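Notes follow the structure.
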Amino acid sequence: MAKLSVNVDHVATVRQARLSIEPDPVVAAAKAELCGADGITVHLREDRRHIQDRDVYILRKTVKTELNLEMAATKEMLDVALEVKPDMVTIVPEKRQELTTEGGLDVKTHGDALKKYVSHLKDAGIRVNLFIDPSPEAVKSCHRIGSDGVEIHTGAYAGTKGPVRESELKRIYDTAVLSRRLGLKTHAGHGLDYNNILQVASISEIDEFAIGYSIISRALYVGIEDAVREMKRLITAGRGR
Ligand code: PXP
């Protein structure tokens with residue numbers, strides 16, 4: 001069964017709106033785990049717009065499942081990761097002006113630098129995934145530089161409807177099949193919600209989904225417990241299709 005890692009960044013977004021101490025992503029993470037989350041994801045951004053260093057350090061002590069730290073491939077973040085030692089790091093491209101992560105890494109162009117970066121993390125016992133657009137070429141580049149896995153960007157799939165969505169789904173499928181064949185851990189995420197998860201969850205080559213915005217949004221109305229349980233139910237239902 002595919003796992004669900006719940007991204008709690010946007011609990012911190014609300015907190016940072018008032019530079020307050022609540023709501024606390026650490027509490028949200030604990031509740032998500034109680035309701036079936038298989039992992040917790042946070043993105044420590046260079047501008048610290050939502051998750052703060054304090055969150056990452058406390059989560060390392062409190063998360064009982066798996067802590068996935070999303071971060072840019074910078075020296076500052078490498079130092080944080082080597083100190084915190086999350087179970088996993090997902091390397092993402094990061095731009096200051098973007099609202100959220102807009103595209104996958106260009107692994108081919110930055111292969112040499114990324115290879116070195118990945119090996120520092122792996123030497124410290126941290127698993128490393130690279131966030132890529134759905135492209136078999138990108139998977140091959142990740143395999144070449146020694147990453148443990150990939151996270152396939154599902155944003156283009158999630159942001160469209162009709163035939164374009166079908167072709168985006170096919171790109172995700174082809175990418176996941178190759179990733180699995182090359183022995184890489186295959187994750188997917190970005191823009192996934194309660195309406196679009198079923199189809200992508202039917203791809204059995206995907207090991208794990210990273211989902212944040214839709215779960216935290218729904219949690220405002222129904223509580224994080226029901227929001228997580230419902231997403232888990234849909235992932236299970238999708239796998240059975
Ligand atoms: N995966 C990656 C690499 C991301 O950057 C994000 C957004 O932080 C997500 C997954 C989760 O996306 P969403 O919040 O749209 O579910």
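Scheme for the structure tokens: letters A, B, ... for chains in order shown; per-chain residue numbers from 1; ligand numbers from 1 in order shown.
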
At most 8 Å from ligand 1 (only C-alpha atoms and all ligand atoms): residue list as a list in words
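Checking only C-alpha atoms and all ligand atoms against ligand 1 at 8 Å gives Asn7, Asp9, His10, Val42, His43, Glu70, Thr90, Ile91, Val92, Thr100, Thr101, Glu102, Phe131, Glu151, His153, Gly155, Ala188, Gly189, His190, Gly191, Leu192, Asp193, Phe209, Ala210, Ile211, Gly212, Tyr213, Ser214 and Ile215 of chain A.
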
Residues of the last selection are to be written out with C-alpha atoms, as a PDB file, in the first residue's frame.
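Listed below is the output, part_34.pdb:
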ATOM      1  CA  ASN A   7       3.216  18.039   4.881  1.00  0.00           C
ATOM      2  CA  ASP A   9       4.046  23.574   6.291  1.00  0.00           C
ATOM      3  CA  HIS A  10       0.752  25.414   6.127  1.00  0.00           C
ATOM      4  CA  VAL A  42       8.354  19.899   6.248  1.00  0.00           C
ATOM      5  CA  HIS A  43      10.008  22.316   3.850  1.00  0.00           C
ATOM      6  CA  GLU A  70      12.417  19.206   1.940  1.00  0.00           C
ATOM      7  CA  THR A  90      13.942  15.655  -0.574  1.00  0.00           C
ATOM      8  CA  ILE A  91      15.983  18.127  -2.573  1.00  0.00           C
ATOM      9  CA  VAL A  92      13.865  20.725  -4.342  1.00  0.00           C
ATOM     10  CA  THR A 100       5.213  27.119  -3.813  1.00  0.00           C
ATOM     11  CA  THR A 101       7.763  24.814  -5.484  1.00  0.00           C
ATOM     12  CA  GLU A 102       7.133  25.422  -9.174  1.00  0.00           C
ATOM     13  CA  PHE A 131      12.116  16.257  -6.820  1.00  0.00           C
ATOM     14  CA  GLU A 151       9.633  12.461  -5.993  1.00  0.00           C
ATOM     15  CA  HIS A 153       6.073  16.486  -9.447  1.00  0.00           C
ATOM     16  CA  GLY A 155       1.528  19.739 -10.146  1.00  0.00           C
ATOM     17  CA  ALA A 188       4.899  11.721  -5.854  1.00  0.00           C
ATOM     18  CA  GLY A 189       3.412  14.978  -4.735  1.00  0.00           C
ATOM     19  CA  HIS A 190       2.325  18.538  -5.277  1.00  0.00           C
ATOM     20  CA  GLY A 191      -1.213  19.790  -5.776  1.00  0.00           C
ATOM     21  CA  LEU A 192      -2.802  16.461  -4.887  1.00  0.00           C
ATOM     22  CA  ASP A 193      -6.233  16.742  -3.289  1.00  0.00           C
ATOM     23  CA  PHE A 209       2.575  10.474  -1.617  1.00  0.00           C
ATOM     24  CA  ALA A 210       3.548  13.795  -0.030  1.00  0.00           C
ATOM     25  CA  ILE A 211       0.426  15.908   0.473  1.00  0.00           C
ATOM     26  CA  GLY A 212       0.047  19.162   2.369  1.00  0.00           C
ATOM     27  CA  TYR A 213      -2.147  22.023   1.252  1.00  0.00           C
ATOM     28  CA  SER A 214      -5.363  20.081   0.641  1.00  0.00           C
ATOM     29  CA  ILE A 215      -5.123  18.185   3.935  1.00  0.00           C
TER      30      ILE A 215
END

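Near Ala156 in chain A, within a cut-off of 10 Å and counting only C-alpha atoms, sit the residues Glu102, Gly103, Asp133, Pro134, Thr160, Lys161, Val164, Arg165, Glu168, Leu169, Ile172, His190 and Gly191 of chain A, with same-chain residues fewer than 4 positions away left out.
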
Residues of range 3-189 of chain A classed as helix (DSSP H, G or I) by DSSP on the backbone are to be reported as a ChimeraX atom specification.
/A:9-17,25-34,53-62,75-84,111-123,136-145,155-158,162-181

Run DSSP on the backbone and grab whatever in range 24-208 of chain A lands in strand (DSSP E); send it over as a count of residues only.
31

Compare A:Pro23, A:Gln16, A:Lys31, A:Ile197 by their minimum atom-to-atom distance to Ile51 in chain A, counting only C-alpha atoms, and give me the closest one.
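Closest candidate: A:Gln16.
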